[in-house]
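Heads up, work-v2.cif below (mmCIF, C-alpha atoms and all ligand atoms):
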data_final
#
loop_
_atom_site.group_PDB
_atom_site.id
_atom_site.type_symbol
_atom_site.label_atom_id
_atom_site.label_comp_id
_atom_site.auth_asym_id
_atom_site.auth_seq_id
_atom_site.Cartn_x
_atom_site.Cartn_y
_atom_site.Cartn_z
ATOM 1 C CA MET A 45 141.771 115.879 173.224
ATOM 2 C CA THR A 46 138.292 117.293 173.828
ATOM 3 C CA THR A 47 135.114 115.302 173.671
ATOM 4 C CA SER A 48 133.851 117.094 170.578
ATOM 5 C CA ASN A 49 137.140 116.527 168.765
ATOM 6 C CA ARG A 50 136.874 112.846 169.424
ATOM 7 C CA PHE A 51 133.388 112.804 167.954
ATOM 8 C CA ASP A 52 134.595 114.749 164.928
ATOM 9 C CA GLN A 53 136.952 111.887 164.197
ATOM 10 C CA ILE A 54 133.937 109.717 163.487
ATOM 11 C CA ASP A 55 132.783 110.441 159.978
ATOM 12 C CA ALA A 56 129.222 111.705 160.494
ATOM 13 C CA GLU A 57 128.941 111.847 156.705
ATOM 14 C CA ARG A 58 128.867 108.068 156.667
ATOM 15 C CA ILE A 59 126.023 107.632 159.145
ATOM 16 C CA ARG A 60 122.633 108.295 157.624
ATOM 17 C CA ILE A 61 119.256 108.490 159.290
ATOM 18 C CA VAL A 62 116.464 107.293 157.015
ATOM 19 C CA LEU A 63 112.795 108.141 157.613
ATOM 20 C CA VAL A 64 110.453 105.883 155.648
ATOM 21 C CA CYS A 65 107.264 107.629 154.503
ATOM 22 C CA PRO A 66 106.959 110.173 157.317
ATOM 23 C CA SER A 67 103.463 111.676 157.216
ATOM 24 C CA HIS A 68 103.992 114.678 159.524
ATOM 25 C CA PRO A 69 106.396 117.385 158.337
ATOM 26 C CA GLY A 70 106.800 118.426 161.984
ATOM 27 C CA ASN A 71 108.468 115.086 162.641
ATOM 28 C CA ILE A 72 110.898 115.671 159.787
ATOM 29 C CA GLY A 73 111.908 119.032 161.269
ATOM 30 C CA ALA A 74 112.166 117.627 164.787
ATOM 31 C CA THR A 75 114.293 114.781 163.428
ATOM 32 C CA ALA A 76 116.709 117.252 161.813
ATOM 33 C CA ARG A 77 116.993 119.100 165.120
ATOM 34 C CA ALA A 78 117.489 115.873 167.086
ATOM 35 C CA MET A 79 120.236 114.763 164.706
ATOM 36 C CA LYS A 80 122.054 118.066 164.612
ATOM 37 C CA THR A 81 122.260 118.333 168.403
ATOM 38 C CA MET A 82 124.103 115.013 168.365
ATOM 39 C CA GLY A 83 126.441 115.847 165.495
ATOM 40 C CA LEU A 84 124.721 113.803 162.794
ATOM 41 C CA ALA A 85 124.274 115.312 159.342
ATOM 42 C CA GLN A 86 122.853 112.879 156.784
ATOM 43 C CA LEU A 87 119.068 112.754 156.554
ATOM 44 C CA VAL A 88 117.333 110.677 153.888
ATOM 45 C CA LEU A 89 113.563 110.806 153.368
ATOM 46 C CA VAL A 90 111.748 108.001 151.577
ATOM 47 C CA SER A 91 108.535 109.291 149.945
ATOM 48 C CA PRO A 92 107.655 111.906 152.576
ATOM 49 C CA LYS A 93 103.966 112.827 152.461
ATOM 50 C CA GLU A 94 104.565 116.561 152.675
ATOM 51 C CA TYR A 95 107.992 117.930 151.928
ATOM 52 C CA PRO A 96 109.482 120.534 151.701
ATOM 53 C CA SER A 97 107.308 122.234 154.271
ATOM 54 C CA ALA A 98 107.283 125.391 156.380
ATOM 55 C CA GLU A 99 106.336 123.309 159.414
ATOM 56 C CA ALA A 100 109.415 121.149 159.001
ATOM 57 C CA VAL A 101 111.625 124.234 158.850
ATOM 58 C CA SER A 102 109.976 125.706 161.933
ATOM 59 C CA ARG A 103 110.354 122.477 163.943
ATOM 60 C CA ALA A 104 113.968 122.141 162.805
ATOM 61 C CA ALA A 105 114.670 125.219 164.969
ATOM 62 C CA GLY A 106 117.860 126.184 163.183
ATOM 63 C CA ALA A 107 118.840 122.783 161.788
ATOM 64 C CA ASP A 108 117.665 124.034 158.361
ATOM 65 C CA ASP A 109 120.966 123.135 156.709
ATOM 66 C CA LEU A 110 120.294 119.511 157.488
ATOM 67 C CA LEU A 111 116.829 119.774 155.956
ATOM 68 C CA ALA A 112 118.154 121.579 152.899
ATOM 69 C CA ASN A 113 120.700 118.802 152.364
ATOM 70 C CA ALA A 114 118.209 115.981 152.989
ATOM 71 C CA ARG A 115 118.024 113.490 150.139
ATOM 72 C CA VAL A 116 114.576 112.377 149.006
ATOM 73 C CA CYS A 117 114.187 108.850 147.553
ATOM 74 C CA ASP A 118 111.330 106.766 146.192
ATOM 75 C CA SER A 119 112.218 103.573 148.001
ATOM 76 C CA LEU A 120 114.152 102.249 150.969
ATOM 77 C CA GLU A 121 116.139 100.167 148.495
ATOM 78 C CA ASP A 122 117.390 103.351 146.880
ATOM 79 C CA ALA A 123 117.998 105.056 150.238
ATOM 80 C CA VAL A 124 120.392 102.352 151.494
ATOM 81 C CA LYS A 125 121.865 101.111 148.207
ATOM 82 C CA SER A 126 125.469 102.010 149.040
ATOM 83 C CA CYS A 127 125.325 100.968 152.710
ATOM 84 C CA GLN A 128 127.255 98.063 154.164
ATOM 85 C CA LEU A 129 125.283 98.046 157.392
ATOM 86 C CA VAL A 130 121.568 98.773 157.705
ATOM 87 C CA ILE A 131 119.727 98.698 161.025
ATOM 88 C CA GLY A 132 115.941 99.029 161.285
ATOM 89 C CA THR A 133 114.113 100.433 164.309
ATOM 90 C CA SER A 134 110.919 98.960 165.644
ATOM 91 C CA ALA A 135 108.600 99.391 168.567
ATOM 92 C CA ARG A 136 107.680 95.724 168.396
ATOM 93 C CA ALA A 137 109.743 92.558 168.376
ATOM 94 C CA ARG A 138 108.619 90.634 165.299
ATOM 95 C CA ARG A 139 107.414 87.078 165.099
ATOM 96 C CA ILE A 140 110.118 85.509 162.983
ATOM 97 C CA GLY A 141 113.305 86.567 164.637
ATOM 98 C CA TRP A 142 115.316 89.410 163.227
ATOM 99 C CA PRO A 143 118.336 89.766 165.460
ATOM 100 C CA VAL A 144 117.347 92.518 167.930
ATOM 101 C CA LEU A 145 119.977 94.904 169.314
ATOM 102 C CA THR A 146 119.837 97.214 172.302
ATOM 103 C CA PRO A 147 120.194 100.927 171.463
ATOM 104 C CA LYS A 148 123.707 100.858 172.906
ATOM 105 C CA SER A 149 124.976 97.925 170.870
ATOM 106 C CA CYS A 150 123.215 99.304 167.782
ATOM 107 C CA ALA A 151 125.091 102.588 168.185
ATOM 108 C CA GLN A 152 128.383 100.743 168.643
ATOM 109 C CA GLN A 153 127.765 98.742 165.455
ATOM 110 C CA LEU A 154 127.007 101.924 163.528
ATOM 111 C CA ILE A 155 130.136 103.684 164.780
ATOM 112 C CA SER A 156 132.413 100.762 164.005
ATOM 113 C CA GLY A 157 130.682 100.134 160.650
ATOM 114 C CA ALA A 158 131.168 103.796 159.675
ATOM 115 C CA LYS A 159 134.920 103.341 159.894
ATOM 116 C CA ASP A 160 134.801 101.091 156.824
ATOM 117 C CA GLY A 161 131.843 102.351 154.817
ATOM 118 C CA GLU A 162 128.374 103.821 154.862
ATOM 119 C CA VAL A 163 125.790 102.802 157.438
ATOM 120 C CA ALA A 164 122.088 103.536 157.892
ATOM 121 C CA LEU A 165 119.607 103.626 160.740
ATOM 122 C CA VAL A 166 116.066 103.332 159.412
ATOM 123 C CA PHE A 167 112.891 104.635 161.053
ATOM 124 C CA GLY A 168 109.344 103.660 160.073
ATOM 125 C CA ARG A 169 105.986 105.278 159.460
ATOM 126 C CA GLU A 170 104.325 107.062 162.369
ATOM 127 C CA ARG A 171 101.305 104.763 162.326
ATOM 128 C CA THR A 172 102.543 101.439 161.071
ATOM 129 C CA GLY A 173 106.337 101.387 161.377
ATOM 130 C CA LEU A 174 108.411 99.386 158.868
ATOM 131 C CA THR A 175 107.008 96.555 156.765
ATOM 132 C CA ASN A 176 108.526 93.085 156.876
ATOM 133 C CA ALA A 177 109.799 93.604 153.327
ATOM 134 C CA GLU A 178 111.618 96.723 154.522
ATOM 135 C CA LEU A 179 113.075 94.872 157.490
ATOM 136 C CA ASP A 180 114.382 92.288 155.009
ATOM 137 C CA ARG A 181 116.855 94.972 153.944
ATOM 138 C CA CYS A 182 118.194 95.271 157.495
ATOM 139 C CA HIS A 183 121.055 93.377 159.091
ATOM 140 C CA TYR A 184 119.604 94.005 162.530
ATOM 141 C CA MET A 185 116.643 95.482 164.252
ATOM 142 C CA VAL A 186 116.847 97.761 167.285
ATOM 143 C CA SER A 187 114.130 98.368 169.809
ATOM 144 C CA ILE A 188 114.229 101.092 172.475
ATOM 145 C CA PRO A 189 112.968 99.623 175.736
ATOM 146 C CA VAL A 190 109.827 101.461 176.841
ATOM 147 C CA ASP A 191 107.120 100.986 179.446
ATOM 148 C CA PRO A 192 104.867 98.259 178.007
ATOM 149 C CA MET A 193 101.861 100.050 179.568
ATOM 150 C CA PHE A 194 102.540 103.125 177.391
ATOM 151 C CA SER A 195 104.877 102.146 174.648
ATOM 152 C CA SER A 196 104.085 104.757 172.020
ATOM 153 C CA LEU A 197 107.227 106.719 171.296
ATOM 154 C CA ASN A 198 107.077 109.643 168.874
ATOM 155 C CA LEU A 199 109.154 109.157 165.725
ATOM 156 C CA ALA A 200 111.435 112.184 166.313
ATOM 157 C CA ALA A 201 111.796 111.237 169.992
ATOM 158 C CA ALA A 202 113.017 107.789 168.881
ATOM 159 C CA VAL A 203 115.498 109.508 166.533
ATOM 160 C CA GLN A 204 116.683 111.684 169.433
ATOM 161 C CA ILE A 205 117.326 108.696 171.701
ATOM 162 C CA MET A 206 119.184 106.787 169.024
ATOM 163 C CA SER A 207 121.223 109.837 167.951
ATOM 164 C CA TYR A 208 122.275 110.330 171.560
ATOM 165 C CA GLU A 209 123.350 106.694 171.784
ATOM 166 C CA ILE A 210 125.377 107.143 168.595
ATOM 167 C CA ARG A 211 127.090 110.150 170.139
ATOM 168 C CA LEU A 212 127.878 108.237 173.323
ATOM 169 C CA ALA A 213 129.206 105.313 171.320
ATOM 170 C CA ALA A 214 131.370 107.649 169.231
ATOM 171 C CA GLN A 215 132.907 109.114 172.344
ATOM 172 C CA GLY A 216 133.628 105.686 173.740
ATOM 173 C CA ALA A 217 134.978 104.263 170.496
ATOM 174 C CA GLU A 218 138.611 103.299 170.375
ATOM 175 C CA VAL A 219 140.577 105.134 167.738
ATOM 176 C CA ASP A 220 142.533 102.131 166.580
ATOM 177 C CA ASP A 221 142.104 102.179 162.829
ATOM 178 C CA ASN A 222 145.829 101.996 162.120
ATOM 179 C CA SER A 223 146.455 98.973 164.267
ATOM 180 C CA GLN A 224 143.846 96.848 162.526
ATOM 181 C CA GLU A 225 144.563 94.782 159.489
ATOM 182 C CA LYS A 226 142.305 95.966 156.695
ATOM 183 C CA ALA A 227 139.645 93.359 155.997
ATOM 184 C CA ALA A 228 137.828 93.117 152.674
ATOM 185 C CA ARG A 229 134.968 95.593 152.472
ATOM 186 C CA LEU A 230 131.490 94.314 153.195
ATOM 187 C CA ALA A 231 129.026 93.862 150.359
ATOM 188 C CA THR A 232 126.714 96.825 149.843
ATOM 189 C CA GLN A 233 122.936 96.496 150.030
ATOM 190 C CA GLU A 234 122.797 96.777 146.242
ATOM 191 C CA GLU A 235 125.181 93.831 145.866
ATOM 192 C CA MET A 236 123.215 91.836 148.443
ATOM 193 C CA GLN A 237 119.996 92.610 146.586
ATOM 194 C CA ASN A 238 121.452 91.438 143.258
ATOM 195 C CA PHE A 239 122.663 88.280 144.985
ATOM 196 C CA TYR A 240 119.196 87.601 146.478
ATOM 197 C CA GLU A 241 117.597 87.968 143.054
ATOM 198 C CA HIS A 242 120.171 85.604 141.541
ATOM 199 C CA LEU A 243 119.712 83.123 144.394
ATOM 200 C CA GLU A 244 115.921 83.165 144.047
ATOM 201 C CA GLN A 245 116.215 82.609 140.309
ATOM 202 C CA VAL A 246 118.544 79.618 140.766
ATOM 203 C CA LEU A 247 116.389 78.110 143.508
ATOM 204 C CA LEU A 248 113.420 78.320 141.156
ATOM 205 C CA GLU A 249 115.413 76.813 138.267
ATOM 206 C CA ILE A 250 116.495 73.824 140.349
ATOM 207 C CA GLU A 251 112.936 73.596 141.733
ATOM 208 C CA PHE A 252 114.026 73.934 145.321
ATOM 209 C CA LEU A 253 111.808 76.951 145.678
ATOM 210 C CA ASN A 254 108.081 76.612 145.189
ATOM 211 C CA ALA A 255 107.031 79.490 142.944
ATOM 212 C CA ASP A 256 103.661 79.631 144.706
ATOM 213 C CA HIS A 257 105.180 80.141 148.158
ATOM 214 C CA PRO A 258 108.575 81.746 147.673
ATOM 215 C CA ARG A 259 108.462 84.455 150.304
ATOM 216 C CA LYS A 260 108.930 82.570 153.544
ATOM 217 C CA LEU A 261 112.008 80.674 152.420
ATOM 218 C CA MET A 262 113.544 83.769 150.851
ATOM 219 C CA ARG A 263 112.921 85.765 154.036
ATOM 220 C CA ARG A 264 114.790 83.150 156.063
ATOM 221 C CA LEU A 265 117.620 83.203 153.553
ATOM 222 C CA TYR A 266 117.786 87.021 153.666
ATOM 223 C CA ARG A 267 118.158 86.778 157.392
ATOM 224 C CA LEU A 268 120.814 84.092 157.183
ATOM 225 C CA PHE A 269 122.968 86.016 154.716
ATOM 226 C CA ASN A 270 122.389 89.399 156.367
ATOM 227 C CA ARG A 271 123.662 87.882 159.601
ATOM 228 C CA ALA A 272 126.780 86.627 157.860
ATOM 229 C CA HIS A 273 128.096 90.109 156.909
ATOM 230 C CA VAL A 274 129.284 88.850 153.548
ATOM 231 C CA ASP A 275 132.354 90.653 152.256
ATOM 232 C CA GLU A 276 133.247 91.516 148.665
ATOM 233 C CA ARG A 277 135.336 88.390 148.050
ATOM 234 C CA GLU A 278 132.757 86.070 149.602
ATOM 235 C CA MET A 279 130.087 87.690 147.449
ATOM 236 C CA ASN A 280 132.106 86.886 144.317
ATOM 237 C CA ILE A 281 132.322 83.252 145.460
ATOM 238 C CA LEU A 282 128.577 83.043 146.112
ATOM 239 C CA ARG A 283 127.725 84.582 142.736
ATOM 240 C CA GLY A 284 130.236 82.231 141.100
ATOM 241 C CA ILE A 285 128.575 79.191 142.671
ATOM 242 C CA LEU A 286 125.146 80.308 141.456
ATOM 243 C CA THR A 287 126.439 80.892 137.937
ATOM 244 C CA ALA A 288 128.152 77.459 137.922
ATOM 245 C CA ILE A 289 124.854 75.808 138.929
ATOM 246 C CA GLN A 290 123.104 77.593 136.066
ATOM 247 C CA HIS A 291 125.759 76.481 133.544
ATOM 248 C CA LEU A 292 125.495 72.880 134.694
ATOM 249 C CA LYS A 293 121.720 72.981 134.558
ATOM 250 C CA LYS A 294 121.845 74.323 130.982
ATOM 251 C CA LYS A 295 124.389 71.659 129.927
ATOM 252 C CA ASN A 296 122.247 68.873 131.314
ATOM 253 C CA SER A 297 118.950 70.061 129.898
HETATM 254 N N1 LIG A 301 102.866 100.931 165.509
HETATM 255 C C1 LIG A 301 104.132 101.209 164.973
HETATM 256 C C2 LIG A 301 104.712 102.384 165.700
HETATM 257 C C3 LIG A 301 105.472 103.226 164.825
HETATM 258 S S1 LIG A 301 106.229 104.543 165.701
HETATM 259 C C4 LIG A 301 105.065 99.998 165.139
HETATM 260 O O1 LIG A 301 104.727 99.133 165.901
HETATM 261 O O2 LIG A 301 106.104 99.879 164.520
HETATM 262 C C5 LIG A 301 107.163 105.263 164.380
HETATM 263 C C6 LIG A 301 108.600 104.873 164.341
HETATM 264 O O3 LIG A 301 109.256 105.377 165.499
HETATM 265 C C7 LIG A 301 108.903 103.405 164.315
HETATM 266 O O4 LIG A 301 108.771 102.847 163.028
HETATM 267 C C8 LIG A 301 110.335 103.412 164.780
HETATM 268 O O5 LIG A 301 111.160 103.827 163.723
HETATM 269 C C9 LIG A 301 110.309 104.503 165.843
HETATM 270 N N2 LIG A 301 110.033 103.935 167.160
HETATM 271 C C10 LIG A 301 108.951 104.138 167.923
HETATM 272 N N3 LIG A 301 109.041 103.454 169.079
HETATM 273 C C11 LIG A 301 110.242 102.823 169.046
HETATM 274 C C12 LIG A 301 110.941 101.961 169.937
HETATM 275 N N4 LIG A 301 110.446 101.622 171.119
HETATM 276 N N5 LIG A 301 112.149 101.493 169.554
HETATM 277 C C13 LIG A 301 112.683 101.839 168.372
HETATM 278 N N6 LIG A 301 112.064 102.636 167.496
HETATM 279 C C14 LIG A 301 110.868 103.127 167.818
#
Take the structure I supplied and represent it as structure tokens, if you would.
Amino acid sequence: MTTSNRFDQIDAERIRIVLVCPSHPGNIGATARAMKTMGLAQLVLVSPKEYPSAEAVSRAAGADDLLANARVCDSLEDAVKSCQLVIGTSARARRIGWPVLTPKSCAQQLISGAKDGEVALVFGRERTGLTNAELDRCHYMVSIPVDPMFSSLNLAAAVQIMSYEIRLAAQGAEVDDNSQEKAARLATQEEMQNFYEHLEQVLLEIEFLNADHPRKLMRRLYRLFNRAHVDEREMNILRGILTAIQHLKKKNS
């Protein structure tokens, strides 16, 4: 079996690269080129400043098909709605700990996640990266190690490095789908989001959450549940518990 055949066995349709609010069309084109050289195909653009653009096409250097098929969304929420695994990229390690992966382990997670569902790797704005609220949507964060004396990595260059890691991970991945017992599918980002809204509502109703300062607690809870990789059945249990609390509260009031 050749190397490229092995990679073809990984469903590139299930791995999407998301650029959040890119301001330079050149970076969009260079991203398409970077992805295509590594066998990736799904590009999603969240509110690009200038798109479509001749500069993007020129920098894509022949990866125009990828640009033409790129999906444009209004929000990150929309871009990753159907994904069971979402990983955010960042140049900086944040203060309150998101679990940080190396590029290699990130790529391995994406390849193994893509066997069961859709996965996303999310890149931030050229100047300011991803916001904390956007990172709340991510199960993990990945940071490419760079020289701390000159740590500024161009957006499309970061995409190139990560796409290469994904390709390496795909080549190294075991093809053992048949031997594994099928586990329940993981909850999608949309289901997680609905759960978080329900949870916040219940925490307010039982006055555990202070309506004046809800964000910090909710952020810690996002991180806790994102880390848990909740599956479909577990999600039904969690939603059931929340609904039972609400029924009880109503009965007693
Ligand atoms: N000052 C911004 C830099 C943004 S660079 C920040 O601190 O986040 C634009 C994007 O390129 C980032 O949002 C990220 O997606 C990617 N990027 C740049 N350097 C990176 C690195 N060392 N590791 C992972 N992604 C990086």
Legend entry - Separation of CA of Gln128 (chain A) from CA of Met279 (chain A), in Å and rounded to one decimal: 12.7 Å
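Closest to Lys125 (chain A) among A:Leu174, A:Arg283, A:Leu63, A:Ala164 is A:Ala164, based on all atoms listed in the file.
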Go through chain A and flag each residue having an atom no more than 6 Å from ligand LIG 301 (chain A); for those, report the closest pair of atoms plus their distance in Å to one decimal, using all atoms listed in the file, ordered by chain and rising number, as a Markdown table.
| residue | atom | partner | partner_atom | distance |
| --- | --- | --- | --- | --- |
| A:Thr133 | CA | A:LIG301 | N6 | 4.4 |
| A:Ser134 | CA | A:LIG301 | N6 | 4.3 |
| A:Ala135 | CA | A:LIG301 | C12 | 3.7 |
| A:Arg136 | CA | A:LIG301 | O1 | 5.2 |
| A:Phe167 | CA | A:LIG301 | O5 | 3.3 |
| A:Gly168 | CA | A:LIG301 | O4 | 3.1 |
| A:Arg169 | CA | A:LIG301 | C5 | 5.1 |
| A:Glu170 | CA | A:LIG301 | C5 | 3.9 |
| A:Arg171 | CA | A:LIG301 | C3 | 5.1 |
| A:Thr172 | CA | A:LIG301 | C1 | 4.2 |
| A:Gly173 | CA | A:LIG301 | O4 | 3.3 |
| A:Leu174 | CA | A:LIG301 | O4 | 5.4 |
| A:Val186 | CA | A:LIG301 | C13 | 5.9 |
| A:Ser187 | CA | A:LIG301 | N5 | 3.7 |
| A:Ile188 | CA | A:LIG301 | N5 | 3.6 |
| A:Pro189 | CA | A:LIG301 | N4 | 5.6 |
| A:Val190 | CA | A:LIG301 | N4 | 5.8 |
| A:Ser196 | CA | A:LIG301 | N3 | 5.9 |
| A:Leu197 | CA | A:LIG301 | N3 | 4.3 |
| A:Asn198 | CA | A:LIG301 | O3 | 5.9 |
| A:Leu199 | CA | A:LIG301 | O3 | 3.8 |
| A:Ala202 | CA | A:LIG301 | N2 | 5.2 |
Show me, as JSON lines, the residues of region 131-199 of chain A having an atom within 12 Å of region 240-262 of chain A, each with the closest atom pair and its distance in Å, using all atoms listed in the file.
{"residue": "A:Ile140", "atom": "CA", "partner": "A:Lys260", "partner_atom": "CA", "distance": 10.0}
{"residue": "A:Asn176", "atom": "CA", "partner": "A:Arg259", "partner_atom": "CA", "distance": 10.8}
{"residue": "A:Ala177", "atom": "CA", "partner": "A:Arg259", "partner_atom": "CA", "distance": 9.7}
{"residue": "A:Asp180", "atom": "CA", "partner": "A:Met262", "partner_atom": "CA", "distance": 9.5}
{"residue": "A:Arg181", "atom": "CA", "partner": "A:Tyr240", "partner_atom": "CA", "distance": 10.7}
The PyMOL selection byres (((chain A and resi 84) around 10) and not hetatm) resolved against shown file, as a tab-separated table (two decimals) with C-alpha atoms, keeping the file's coordinate frame:
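Result written to expr32.tsv:
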chain	number	residue	atom	x	y	z
A	55	ASP	CA	132.78	110.44	159.98
A	56	ALA	CA	129.22	111.70	160.49
A	57	GLU	CA	128.94	111.85	156.71
A	58	ARG	CA	128.87	108.07	156.67
A	59	ILE	CA	126.02	107.63	159.15
A	60	ARG	CA	122.63	108.30	157.62
A	61	ILE	CA	119.26	108.49	159.29
A	76	ALA	CA	116.71	117.25	161.81
A	77	ARG	CA	116.99	119.10	165.12
A	78	ALA	CA	117.49	115.87	167.09
A	79	MET	CA	120.24	114.76	164.71
A	80	LYS	CA	122.05	118.07	164.61
A	81	THR	CA	122.26	118.33	168.40
A	82	MET	CA	124.10	115.01	168.36
A	83	GLY	CA	126.44	115.85	165.50
A	85	ALA	CA	124.27	115.31	159.34
A	86	GLN	CA	122.85	112.88	156.78
A	87	LEU	CA	119.07	112.75	156.55
A	110	LEU	CA	120.29	119.51	157.49
A	207	SER	CA	121.22	109.84	167.95
A	208	TYR	CA	122.28	110.33	171.56
A	210	ILE	CA	125.38	107.14	168.60
A	211	ARG	CA	127.09	110.15	170.14
Inset, instruction - Write out as a ChimeraX atom specification the residues lying within 8 Å of Asn71 (chain A), counting all atoms listed in the file and excluding same-chain residues fewer than 2 positions away. - result: /A:66,68-69,73-75,100,103,199-200
Inset, instruction - Please evaluate the PyMOL selection byres (((chain A and resi 231-238) around 12) and not hetatm) against the structure above and give the resulting residues as a PyMOL selection string. - result: chain A and resi 120-131+157+160-164+180-183+228-230+239-245+262+265-280+282-283+286
Inset, instruction - Kindly resolve the PyMOL selection byres (((chain A and resi 97) around 12) and not hetatm) on the present coordinates and return the residues as a VMD selection string. - result: chain A and resid 67 to 73 92 to 96 98 to 104 108 111 to 112
Legend entry - CA of Val144 (chain A) to CA of Val166 (chain A), distance in Å rounded to a single decimal: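 According to the coordinates, CA of Val144 (chain A) and CA of Val166 (chain A) are separated by 13.8 Å.
CA of Ala114 (chain A) is found 26.9 Å from CA of Ala217 (chain A).
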Inset, instruction - Identify which of the residues A:Lys295, A:Gly284, A:Leu145, A:Ala214 lies closest to Ala158 (chain A), counting only C-alpha atoms when measuring atom-to-atom distances. - result: A:Ala214
Legend entry - Shortest interatomic distance to Cys117 (chain A) - which of A:Ser195, A:Thr287, A:Gln152, A:Ser91, counting all atoms listed in the file: A:Ser91
